[in-house]
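Q: I'd like to ask some things about the structure below.
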Amino acid sequence: VAVFFLFLSPREAPPPHRRRPAMAAANVLTFPALPPWPPSWEARAAWLQWWLILFLGVVGGMKAGGLLRHDLSQVAGLVEGVGAAVFLPCWPWVVERMGKGGHDRAFRVGCGLILAGLGIIVSTGKRKSPVCWSQVLFTLELLRVQKGPSAAGFGLGAVCTGVLAGVAMQQALAIGGGHAKTP
């Protein structure tokens with residue numbers, strides 16, 4: 001329901017006296033201010049940023065706290081939660097510590113951590129979850145809208161890194177598919 005705007009078809013431009021100010025244009029991240037209302041395709045970056053911060057911040061925290069248990073959920077939840085709550089919002093105290101280009105770096109680190117955490121989940125039996133894959137697609141779309149089509153390679157690399165880390169952890173901990181459960 002919260003992301004219904006992604007499926008809206010483009011509308012005709014309103015008459016000049018009814019147009020929004022330039023801030024509602026594409027590629028404008030509004031956090032911590034609320035995204036423009038009503039939702040529109042042109043403002044999807046702001047809506048996707050808010051969605052990922054809220055959803056993965058809360059769900060990542062719940063996983064890290066052990067409330068949504070499954071294989072590697074606590075590790076993945078910690079990675080997702082840090083990406084969504086610390087880096088993706090581009091908090092001024094984080095951006096300042098990242099030096100020149102800190103806003104861009106914080107944004108990329110946030111998206112990368114979210115995608116790596118989701119990759120860890122994909123490496124487990126939860127790989128069939130449409131919720132997990134939808135968050136991967138939302139994060140990749142946010143990267144694409146903000147940084148261009150080439151950012152998809154960075155995003156896919158982060159997912160693959162998460163998958164490889166997840167497989168390695170499952171092998172090291174003898175959990176997941178192919179391993180007998182211990183009592």
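Lettering and numbering for the structure tokens are positional, with chains as A, B, ... in the shown order, residues counted from 1 in each chain, and ligands counted from 1 in the shown order.
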Residues within 8 Å of range 159-167 of chain A, please, as a list in words. Count only C-alpha atoms; anything in the same chain fewer than 3 positions from it doesn't count.
A: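 Skipping anything fewer than 3 positions along the chain leaves Leu72, Gly112, Leu115, Ala116, Gly117, Leu118, Gly119, Ile120, Ile121, Val122, Ser123, Thr124, Gly155, Leu156, Gln170 and Gln171 of chain A.
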Q: Please identify all polymer residues within 12 Å of range 91-104 of chain A, counting only C-alpha atoms, omitting same-chain residues fewer than 2 positions from it, and present them as an MDAnalysis selection string.
A: chainID A and resid 29:32 53 82:89 106:111 143 146:147
Q: Mind listing the helix (DSSP H, G or I) residues of chain A, per DSSP on the backbone, as a CSV table (one decimal) with N, CA, C and O atoms, in the first residue's frame?
A:
chain,number,residue,atom,x,y,z
A,4,PHE,N,2.4,2.3,-3.5
A,4,PHE,CA,1.5,2.2,-4.7
A,4,PHE,C,1.9,3.2,-5.8
A,4,PHE,O,1.6,3.1,-6.9
A,5,PHE,N,2.6,4.3,-5.4
A,5,PHE,CA,3.0,5.3,-6.3
A,5,PHE,C,3.9,4.8,-7.4
A,5,PHE,O,4.0,5.4,-8.5
A,6,LEU,N,4.6,3.7,-7.2
A,6,LEU,CA,5.5,3.1,-8.2
A,6,LEU,C,4.8,2.7,-9.4
A,6,LEU,O,5.4,2.5,-10.5
A,7,PHE,N,3.5,2.4,-9.3
A,7,PHE,CA,2.8,1.8,-10.4
A,7,PHE,C,1.8,2.8,-11.1
A,7,PHE,O,1.1,2.5,-11.9
A,16,PRO,N,0.5,25.8,-16.1
A,16,PRO,CA,1.6,26.5,-15.4
A,16,PRO,C,1.3,27.0,-14.1
A,16,PRO,O,2.1,27.0,-13.2
A,17,HIS,N,0.1,27.5,-13.8
A,17,HIS,CA,-0.3,28.1,-12.6
A,17,HIS,C,-0.5,27.0,-11.5
A,17,HIS,O,-0.6,27.3,-10.3
A,18,ARG,N,-0.6,25.7,-11.9
A,18,ARG,CA,-0.8,24.6,-10.9
A,18,ARG,C,0.5,23.8,-10.7
A,18,ARG,O,0.4,22.8,-10.0
A,22,ALA,N,10.3,23.4,-8.1
A,22,ALA,CA,11.3,22.6,-8.6
A,22,ALA,C,11.7,21.5,-7.7
A,22,ALA,O,12.3,20.5,-8.0
A,23,MET,N,11.5,21.6,-6.3
A,23,MET,CA,12.0,20.7,-5.4
A,23,MET,C,11.3,19.3,-5.6
A,23,MET,O,11.9,18.3,-5.2
A,24,ALA,N,10.2,19.2,-6.2
A,24,ALA,CA,9.5,17.9,-6.4
A,24,ALA,C,10.1,17.2,-7.6
A,24,ALA,O,9.6,16.1,-7.9
A,41,TRP,N,5.6,9.6,-9.7
A,41,TRP,CA,6.7,8.9,-10.3
A,41,TRP,C,8.0,9.7,-10.2
A,41,TRP,O,9.1,9.2,-10.0
A,42,GLU,N,7.9,11.0,-10.5
A,42,GLU,CA,9.0,11.9,-10.5
A,42,GLU,C,9.7,12.0,-9.1
A,42,GLU,O,10.9,12.3,-9.0
A,43,ALA,N,8.9,11.8,-8.0
A,43,ALA,CA,9.5,12.0,-6.7
A,43,ALA,C,9.7,10.6,-6.0
A,43,ALA,O,9.8,10.6,-4.8
A,44,ARG,N,9.9,9.6,-6.8
A,44,ARG,CA,10.0,8.3,-6.3
A,44,ARG,C,11.3,8.1,-5.4
A,44,ARG,O,11.3,7.3,-4.5
A,45,ALA,N,12.3,8.8,-5.7
A,45,ALA,CA,13.6,8.7,-5.0
A,45,ALA,C,13.3,9.0,-3.5
A,45,ALA,O,13.8,8.3,-2.6
A,46,ALA,N,12.6,10.1,-3.2
A,46,ALA,CA,12.4,10.5,-1.9
A,46,ALA,C,11.5,9.5,-1.2
A,46,ALA,O,11.7,9.2,0.0
A,47,TRP,N,10.5,9.0,-1.9
A,47,TRP,CA,9.6,8.0,-1.3
A,47,TRP,C,10.3,6.7,-1.0
A,47,TRP,O,10.1,6.0,0.0
A,48,LEU,N,11.2,6.2,-2.0
A,48,LEU,CA,11.9,5.0,-1.8
A,48,LEU,C,12.9,5.2,-0.6
A,48,LEU,O,13.1,4.2,0.2
A,49,GLN,N,13.6,6.3,-0.5
A,49,GLN,CA,14.5,6.5,0.6
A,49,GLN,C,13.7,6.4,1.9
A,49,GLN,O,14.2,5.7,2.9
A,50,TRP,N,12.6,7.1,2.1
A,50,TRP,CA,11.8,7.0,3.3
A,50,TRP,C,11.4,5.6,3.6
A,50,TRP,O,11.4,5.1,4.7
A,51,TRP,N,10.9,4.9,2.6
A,51,TRP,CA,10.4,3.5,2.7
A,51,TRP,C,11.6,2.6,3.3
A,51,TRP,O,11.4,1.9,4.2
A,52,LEU,N,12.7,2.7,2.6
A,52,LEU,CA,13.9,1.8,3.0
A,52,LEU,C,14.3,2.2,4.4
A,52,LEU,O,14.7,1.3,5.2
A,53,ILE,N,14.4,3.4,4.7
A,53,ILE,CA,14.8,3.8,6.1
A,53,ILE,C,13.9,3.3,7.1
A,53,ILE,O,14.3,2.7,8.1
A,54,LEU,N,12.6,3.5,6.9
A,54,LEU,CA,11.6,3.0,7.9
A,54,LEU,C,11.5,1.5,8.0
A,54,LEU,O,11.6,0.9,9.0
A,55,PHE,N,11.2,0.9,6.8
A,55,PHE,CA,11.0,-0.6,6.8
A,55,PHE,C,12.2,-1.4,7.2
A,55,PHE,O,12.2,-2.2,8.1
A,56,LEU,N,13.4,-1.1,6.5
A,56,LEU,CA,14.5,-1.9,6.8
A,56,LEU,C,15.2,-1.5,8.2
A,56,LEU,O,15.9,-2.3,8.8
A,57,GLY,N,15.0,-0.3,8.6
A,57,GLY,CA,15.4,0.1,9.9
A,57,GLY,C,14.7,-0.6,11.0
A,57,GLY,O,15.3,-1.2,11.9
A,58,VAL,N,13.4,-0.7,10.9
A,58,VAL,CA,12.6,-1.5,11.9
A,58,VAL,C,12.8,-3.0,11.7
A,58,VAL,O,13.0,-3.6,12.7
A,59,VAL,N,12.6,-3.5,10.5
A,59,VAL,CA,12.8,-4.9,10.3
A,59,VAL,C,14.2,-5.4,10.6
A,59,VAL,O,14.4,-6.4,11.3
A,60,GLY,N,15.2,-4.6,10.2
A,60,GLY,CA,16.6,-5.0,10.5
A,60,GLY,C,16.8,-5.0,12.0
A,60,GLY,O,17.5,-5.9,12.5
A,61,GLY,N,16.2,-4.0,12.7
A,61,GLY,CA,16.4,-4.0,14.2
A,61,GLY,C,15.7,-5.2,14.8
A,61,GLY,O,16.2,-5.8,15.8
A,62,MET,N,14.5,-5.6,14.3
A,62,MET,CA,13.8,-6.7,14.8
A,62,MET,C,14.6,-8.0,14.6
A,62,MET,O,14.7,-8.9,15.5
A,63,LYS,N,15.1,-8.1,13.4
A,63,LYS,CA,16.0,-9.3,13.1
A,63,LYS,C,17.2,-9.4,14.0
A,63,LYS,O,17.5,-10.4,14.6
A,64,ALA,N,17.9,-8.2,14.1
A,64,ALA,CA,19.1,-8.2,15.0
A,64,ALA,C,18.8,-8.5,16.4
A,64,ALA,O,19.6,-9.1,17.1
A,73,SER,N,19.5,-14.5,10.4
A,73,SER,CA,18.7,-13.3,10.5
A,73,SER,C,19.3,-12.2,11.4
A,73,SER,O,19.2,-11.0,11.0
A,74,GLN,N,20.0,-12.6,12.4
A,74,GLN,CA,20.6,-11.6,13.3
A,74,GLN,C,21.7,-10.8,12.6
A,74,GLN,O,21.8,-9.6,12.8
A,75,VAL,N,22.5,-11.6,11.9
A,75,VAL,CA,23.7,-10.9,11.2
A,75,VAL,C,23.1,-10.0,10.1
A,75,VAL,O,23.5,-8.9,10.0
A,76,ALA,N,22.2,-10.6,9.3
A,76,ALA,CA,21.6,-9.8,8.2
A,76,ALA,C,20.9,-8.6,8.7
A,76,ALA,O,20.9,-7.5,8.2
A,77,GLY,N,20.1,-8.7,9.8
A,77,GLY,CA,19.4,-7.6,10.4
A,77,GLY,C,20.3,-6.5,10.9
A,77,GLY,O,20.0,-5.3,10.7
A,78,LEU,N,21.4,-6.9,11.5
A,78,LEU,CA,22.4,-5.9,11.9
A,78,LEU,C,22.9,-5.1,10.7
A,78,LEU,O,23.0,-3.8,10.7
A,79,VAL,N,23.3,-5.8,9.6
A,79,VAL,CA,23.8,-5.1,8.5
A,79,VAL,C,22.8,-4.2,7.8
A,79,VAL,O,23.0,-3.1,7.5
A,80,GLU,N,21.5,-4.8,7.6
A,80,GLU,CA,20.4,-4.0,7.1
A,80,GLU,C,20.1,-2.7,7.9
A,80,GLU,O,19.9,-1.6,7.4
A,81,GLY,N,20.0,-3.0,9.2
A,81,GLY,CA,19.7,-1.9,10.1
A,81,GLY,C,20.7,-0.8,10.2
A,81,GLY,O,20.3,0.4,10.2
A,82,VAL,N,22.0,-1.1,10.2
A,82,VAL,CA,23.0,-0.1,10.2
A,82,VAL,C,22.9,0.7,8.9
A,82,VAL,O,23.0,1.9,8.8
A,83,GLY,N,22.8,0.0,7.7
A,83,GLY,CA,22.7,0.7,6.5
A,83,GLY,C,21.5,1.6,6.4
A,83,GLY,O,21.6,2.8,5.9
A,84,ALA,N,20.3,1.2,6.9
A,84,ALA,CA,19.1,1.9,6.8
A,84,ALA,C,19.0,3.0,7.8
A,84,ALA,O,18.4,4.1,7.6
A,85,ALA,N,19.5,2.8,9.0
A,85,ALA,CA,19.3,3.8,10.1
A,85,ALA,C,20.5,4.8,10.3
A,85,ALA,O,20.3,5.9,10.7
A,86,VAL,N,21.7,4.4,9.8
A,86,VAL,CA,22.8,5.2,10.1
A,86,VAL,C,23.3,5.9,8.8
A,86,VAL,O,23.4,7.2,8.7
A,87,PHE,N,23.5,5.2,7.7
A,87,PHE,CA,24.1,5.7,6.5
A,87,PHE,C,23.1,6.3,5.5
A,87,PHE,O,23.3,7.4,4.9
A,92,PRO,N,23.8,14.4,9.2
A,92,PRO,CA,24.9,15.4,9.1
A,92,PRO,C,26.2,14.9,9.9
A,92,PRO,O,27.3,15.1,9.4
A,93,TRP,N,26.0,14.3,11.1
A,93,TRP,CA,27.1,13.8,11.8
A,93,TRP,C,27.9,12.7,11.2
A,93,TRP,O,29.1,12.5,11.4
A,94,VAL,N,27.2,11.9,10.3
A,94,VAL,CA,27.9,10.8,9.6
A,94,VAL,C,28.6,11.4,8.4
A,94,VAL,O,29.7,11.1,8.1
A,95,VAL,N,27.9,12.3,7.7
A,95,VAL,CA,28.4,13.0,6.4
A,95,VAL,C,29.7,13.7,6.8
A,95,VAL,O,30.7,13.6,6.0
A,96,GLU,N,29.7,14.5,7.9
A,96,GLU,CA,30.9,15.2,8.2
A,96,GLU,C,32.1,14.3,8.5
A,96,GLU,O,33.2,14.7,8.1
A,97,ARG,N,31.9,13.2,9.0
A,97,ARG,CA,33.0,12.3,9.4
A,97,ARG,C,33.5,11.5,8.1
A,97,ARG,O,34.6,10.9,8.2
A,102,GLY,N,31.0,13.4,1.4
A,102,GLY,CA,30.5,12.5,2.4
A,102,GLY,C,29.0,12.1,2.2
A,102,GLY,O,28.6,11.0,2.5
A,103,HIS,N,28.2,13.1,1.7
A,103,HIS,CA,26.8,12.8,1.4
A,103,HIS,C,26.7,11.6,0.4
A,103,HIS,O,25.9,10.7,0.7
A,104,ASP,N,27.4,11.7,-0.7
A,104,ASP,CA,27.4,10.7,-1.7
A,104,ASP,C,27.9,9.4,-1.1
A,104,ASP,O,27.3,8.3,-1.4
A,105,ARG,N,29.0,9.4,-0.4
A,105,ARG,CA,29.6,8.2,0.2
A,105,ARG,C,28.6,7.6,1.2
A,105,ARG,O,28.5,6.3,1.2
A,106,ALA,N,28.0,8.4,2.1
A,106,ALA,CA,27.1,7.8,3.0
A,106,ALA,C,25.9,7.2,2.3
A,106,ALA,O,25.4,6.1,2.7
A,107,PHE,N,25.4,7.8,1.3
A,107,PHE,CA,24.3,7.2,0.5
A,107,PHE,C,24.7,5.9,-0.1
A,107,PHE,O,23.9,4.9,0.1
A,108,ARG,N,25.8,5.8,-0.7
A,108,ARG,CA,26.3,4.6,-1.3
A,108,ARG,C,26.6,3.5,-0.3
A,108,ARG,O,26.2,2.3,-0.5
A,109,VAL,N,27.2,3.8,0.8
A,109,VAL,CA,27.4,2.9,1.9
A,109,VAL,C,26.1,2.3,2.5
A,109,VAL,O,25.9,1.1,2.7
A,110,GLY,N,25.1,3.2,2.7
A,110,GLY,CA,23.8,2.8,3.2
A,110,GLY,C,23.1,1.8,2.2
A,110,GLY,O,22.7,0.8,2.6
A,111,CYS,N,23.1,2.2,0.9
A,111,CYS,CA,22.5,1.2,-0.1
A,111,CYS,C,23.3,-0.1,-0.1
A,111,CYS,O,22.7,-1.1,-0.2
A,112,GLY,N,24.6,0.0,-0.1
A,112,GLY,CA,25.4,-1.2,-0.2
A,112,GLY,C,25.2,-2.1,1.0
A,112,GLY,O,25.1,-3.3,0.9
A,113,LEU,N,25.1,-1.5,2.2
A,113,LEU,CA,24.9,-2.4,3.4
A,113,LEU,C,23.5,-3.0,3.4
A,113,LEU,O,23.3,-4.2,3.7
A,114,ILE,N,22.5,-2.2,2.9
A,114,ILE,CA,21.2,-2.8,2.8
A,114,ILE,C,21.2,-4.0,1.8
A,114,ILE,O,20.7,-5.0,2.1
A,115,LEU,N,21.8,-3.8,0.7
A,115,LEU,CA,21.8,-4.8,-0.3
A,115,LEU,C,22.7,-6.0,0.1
A,115,LEU,O,22.3,-7.2,-0.1
A,116,ALA,N,23.8,-5.8,0.8
A,116,ALA,CA,24.6,-6.9,1.4
A,116,ALA,C,23.7,-7.7,2.4
A,116,ALA,O,23.8,-8.9,2.4
A,117,GLY,N,23.0,-7.0,3.3
A,117,GLY,CA,22.2,-7.7,4.3
A,117,GLY,C,21.1,-8.5,3.6
A,117,GLY,O,20.8,-9.6,4.0
A,118,LEU,N,20.5,-7.9,2.5
A,118,LEU,CA,19.5,-8.7,1.8
A,118,LEU,C,20.1,-9.9,1.1
A,118,LEU,O,19.5,-10.9,0.9
A,119,GLY,N,21.4,-9.7,0.6
A,119,GLY,CA,22.1,-10.8,0.0
A,119,GLY,C,22.3,-12.0,1.0
A,119,GLY,O,22.2,-13.1,0.6
A,120,ILE,N,22.6,-11.6,2.2
A,120,ILE,CA,22.8,-12.6,3.2
A,120,ILE,C,21.5,-13.4,3.4
A,120,ILE,O,21.5,-14.7,3.5
A,121,ILE,N,20.4,-12.7,3.4
A,121,ILE,CA,19.1,-13.4,3.5
A,121,ILE,C,18.8,-14.3,2.3
A,121,ILE,O,18.3,-15.4,2.4
A,122,VAL,N,19.1,-13.8,1.1
A,122,VAL,CA,18.9,-14.5,-0.1
A,122,VAL,C,19.8,-15.8,-0.1
A,122,VAL,O,19.4,-16.8,-0.7
A,125,GLY,N,17.3,-20.1,3.2
A,125,GLY,CA,16.1,-20.7,2.7
A,125,GLY,C,15.0,-19.6,2.4
A,125,GLY,O,14.0,-19.9,1.8
A,126,LYS,N,15.3,-18.4,2.9
A,126,LYS,CA,14.3,-17.3,2.6
A,126,LYS,C,14.5,-16.7,1.3
A,126,LYS,O,13.9,-15.6,1.0
A,127,ARG,N,15.3,-17.3,0.4
A,127,ARG,CA,15.5,-16.7,-0.9
A,127,ARG,C,14.2,-16.6,-1.8
A,127,ARG,O,14.2,-15.9,-2.8
A,128,LYS,N,13.2,-17.3,-1.4
A,128,LYS,CA,11.9,-17.3,-2.2
A,128,LYS,C,11.0,-16.2,-1.7
A,128,LYS,O,9.9,-16.0,-2.2
A,130,PRO,N,9.1,-12.9,-1.5
A,130,PRO,CA,8.9,-11.7,-2.3
A,130,PRO,C,9.2,-10.4,-1.6
A,130,PRO,O,9.5,-9.4,-2.2
A,131,VAL,N,9.1,-10.4,-0.2
A,131,VAL,CA,9.4,-9.2,0.5
A,131,VAL,C,10.9,-8.9,0.4
A,131,VAL,O,11.2,-7.7,0.1
A,132,CYS,N,11.7,-9.9,0.5
A,132,CYS,CA,13.2,-9.7,0.4
A,132,CYS,C,13.5,-9.1,-1.0
A,132,CYS,O,14.2,-8.1,-1.2
A,133,TRP,N,13.0,-9.8,-2.0
A,133,TRP,CA,13.3,-9.4,-3.4
A,133,TRP,C,12.7,-8.0,-3.7
A,133,TRP,O,13.4,-7.2,-4.5
A,134,SER,N,11.6,-7.7,-3.2
A,134,SER,CA,11.0,-6.3,-3.4
A,134,SER,C,11.9,-5.3,-2.8
A,134,SER,O,12.1,-4.2,-3.5
A,135,GLN,N,12.5,-5.5,-1.7
A,135,GLN,CA,13.4,-4.5,-1.1
A,135,GLN,C,14.7,-4.4,-1.9
A,135,GLN,O,15.3,-3.3,-2.0
A,136,VAL,N,15.2,-5.5,-2.4
A,136,VAL,CA,16.3,-5.5,-3.3
A,136,VAL,C,16.0,-4.6,-4.5
A,136,VAL,O,16.8,-3.7,-4.9
A,137,LEU,N,14.9,-4.8,-5.1
A,137,LEU,CA,14.5,-4.0,-6.3
A,137,LEU,C,14.3,-2.5,-5.9
A,137,LEU,O,14.7,-1.6,-6.7
A,138,PHE,N,13.7,-2.2,-4.8
A,138,PHE,CA,13.5,-0.8,-4.4
A,138,PHE,C,14.9,-0.2,-4.2
A,138,PHE,O,15.1,1.0,-4.6
A,139,THR,N,15.8,-0.9,-3.5
A,139,THR,CA,17.1,-0.3,-3.3
A,139,THR,C,17.9,-0.1,-4.6
A,139,THR,O,18.5,1.0,-4.8
A,140,LEU,N,17.8,-1.0,-5.5
A,140,LEU,CA,18.4,-0.9,-6.8
A,140,LEU,C,17.8,0.3,-7.6
A,140,LEU,O,18.6,1.0,-8.3
A,141,GLU,N,16.5,0.5,-7.5
A,141,GLU,CA,15.9,1.6,-8.2
A,141,GLU,C,16.3,2.9,-7.6
A,141,GLU,O,16.5,3.9,-8.3
A,142,LEU,N,16.4,3.0,-6.3
A,142,LEU,CA,16.9,4.2,-5.6
A,142,LEU,C,18.3,4.5,-6.1
A,142,LEU,O,18.6,5.7,-6.4
A,143,LEU,N,19.1,3.6,-6.1
A,143,LEU,CA,20.5,3.8,-6.6
A,143,LEU,C,20.5,4.2,-8.1
A,143,LEU,O,21.2,5.2,-8.4
A,144,ARG,N,19.7,3.6,-8.9
A,144,ARG,CA,19.6,4.0,-10.3
A,144,ARG,C,19.1,5.4,-10.5
A,144,ARG,O,19.7,6.2,-11.3
A,145,VAL,N,18.1,5.8,-9.8
A,145,VAL,CA,17.5,7.1,-9.9
A,145,VAL,C,18.5,8.2,-9.4
A,145,VAL,O,18.6,9.2,-10.1
A,146,GLN,N,19.2,7.9,-8.4
A,146,GLN,CA,20.1,8.9,-7.8
A,146,GLN,C,21.5,8.9,-8.5
A,146,GLN,O,22.0,10.0,-8.7
A,147,LYS,N,22.0,7.8,-8.9
A,147,LYS,CA,23.4,7.7,-9.4
A,147,LYS,C,23.5,7.2,-10.9
A,147,LYS,O,24.6,7.1,-11.4
A,151,ALA,N,25.1,2.5,-11.5
A,151,ALA,CA,25.1,2.2,-10.1
A,151,ALA,C,24.4,0.8,-9.9
A,151,ALA,O,24.6,0.2,-8.8
A,152,ALA,N,23.7,0.3,-10.9
A,152,ALA,CA,23.1,-1.0,-10.7
A,152,ALA,C,24.3,-2.1,-10.6
A,152,ALA,O,24.1,-3.0,-9.8
A,153,GLY,N,25.4,-1.9,-11.2
A,153,GLY,CA,26.5,-2.8,-11.1
A,153,GLY,C,27.0,-2.8,-9.7
A,153,GLY,O,27.3,-3.9,-9.1
A,154,PHE,N,27.1,-1.6,-9.0
A,154,PHE,CA,27.6,-1.5,-7.6
A,154,PHE,C,26.5,-2.3,-6.8
A,154,PHE,O,26.9,-3.1,-5.9
A,155,GLY,N,25.3,-2.0,-7.0
A,155,GLY,CA,24.2,-2.7,-6.2
A,155,GLY,C,24.2,-4.2,-6.3
A,155,GLY,O,24.1,-4.9,-5.3
A,156,LEU,N,24.3,-4.7,-7.6
A,156,LEU,CA,24.4,-6.1,-7.8
A,156,LEU,C,25.6,-6.7,-7.2
A,156,LEU,O,25.6,-7.8,-6.6
A,157,GLY,N,26.7,-6.0,-7.2
A,157,GLY,CA,27.9,-6.5,-6.5
A,157,GLY,C,27.7,-6.6,-5.0
A,157,GLY,O,28.2,-7.5,-4.4
A,158,ALA,N,27.0,-5.6,-4.4
A,158,ALA,CA,26.7,-5.7,-3.0
A,158,ALA,C,25.9,-6.9,-2.7
A,158,ALA,O,26.1,-7.6,-1.6
A,159,VAL,N,24.9,-7.2,-3.5
A,159,VAL,CA,24.0,-8.3,-3.3
A,159,VAL,C,24.8,-9.6,-3.4
A,159,VAL,O,24.7,-10.5,-2.5
A,160,CYS,N,25.7,-9.7,-4.4
A,160,CYS,CA,26.5,-10.9,-4.6
A,160,CYS,C,27.5,-11.1,-3.4
A,160,CYS,O,27.7,-12.2,-2.9
A,161,THR,N,28.0,-10.0,-2.9
A,161,THR,CA,28.9,-10.0,-1.7
A,161,THR,C,28.2,-10.6,-0.5
A,161,THR,O,28.7,-11.4,0.2
A,162,GLY,N,26.9,-10.1,-0.3
A,162,GLY,CA,26.1,-10.6,0.8
A,162,GLY,C,25.8,-12.1,0.6
A,162,GLY,O,25.9,-12.8,1.6
A,163,VAL,N,25.5,-12.5,-0.6
A,163,VAL,CA,25.2,-13.9,-0.8
A,163,VAL,C,26.5,-14.8,-0.5
A,163,VAL,O,26.4,-15.8,0.2
A,164,LEU,N,27.6,-14.4,-1.0
A,164,LEU,CA,28.8,-15.1,-0.7
A,164,LEU,C,29.2,-15.1,0.8
A,164,LEU,O,29.6,-16.2,1.3
A,165,ALA,N,29.0,-14.0,1.4
A,165,ALA,CA,29.2,-14.0,2.9
A,165,ALA,C,28.2,-14.9,3.6
A,165,ALA,O,28.6,-15.6,4.5
A,166,GLY,N,27.0,-14.9,3.2
A,166,GLY,CA,26.0,-15.8,3.8
A,166,GLY,C,26.3,-17.2,3.6
A,166,GLY,O,26.2,-18.0,4.5
A,167,VAL,N,26.7,-17.6,2.4
A,167,VAL,CA,27.1,-19.0,2.1
A,167,VAL,C,28.3,-19.4,3.0
A,167,VAL,O,28.3,-20.5,3.6
A,168,ALA,N,29.3,-18.5,3.1
A,168,ALA,CA,30.4,-18.8,3.9
A,168,ALA,C,30.1,-19.0,5.3
A,168,ALA,O,30.6,-19.9,6.0
A,169,MET,N,29.2,-18.1,5.8
A,169,MET,CA,28.8,-18.2,7.3
A,169,MET,C,28.0,-19.5,7.5
A,169,MET,O,28.2,-20.2,8.5
A,170,GLN,N,27.2,-19.9,6.5
A,170,GLN,CA,26.4,-21.1,6.7
A,170,GLN,C,27.3,-22.3,6.7
A,170,GLN,O,27.1,-23.3,7.5
A,171,GLN,N,28.3,-22.3,5.9
A,171,GLN,CA,29.3,-23.4,5.9
A,171,GLN,C,30.1,-23.5,7.2
A,171,GLN,O,30.3,-24.5,7.8
A,172,ALA,N,30.5,-22.3,7.6
A,172,ALA,CA,31.3,-22.2,8.8
A,172,ALA,C,30.5,-22.6,10.1
A,172,ALA,O,31.1,-23.2,11.0
A,173,LEU,N,29.3,-22.3,10.1
A,173,LEU,CA,28.4,-22.5,11.3
A,173,LEU,C,27.6,-23.8,11.1
A,173,LEU,O,26.9,-24.2,12.0
Q: Tell me, in Å to one decimal, how far CA of Pro149 in chain A is from CA of Pro39 in chain A.
A: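 Going from CA of Pro149 in chain A over to CA of Pro39 in chain A, I get 22.8 Å.
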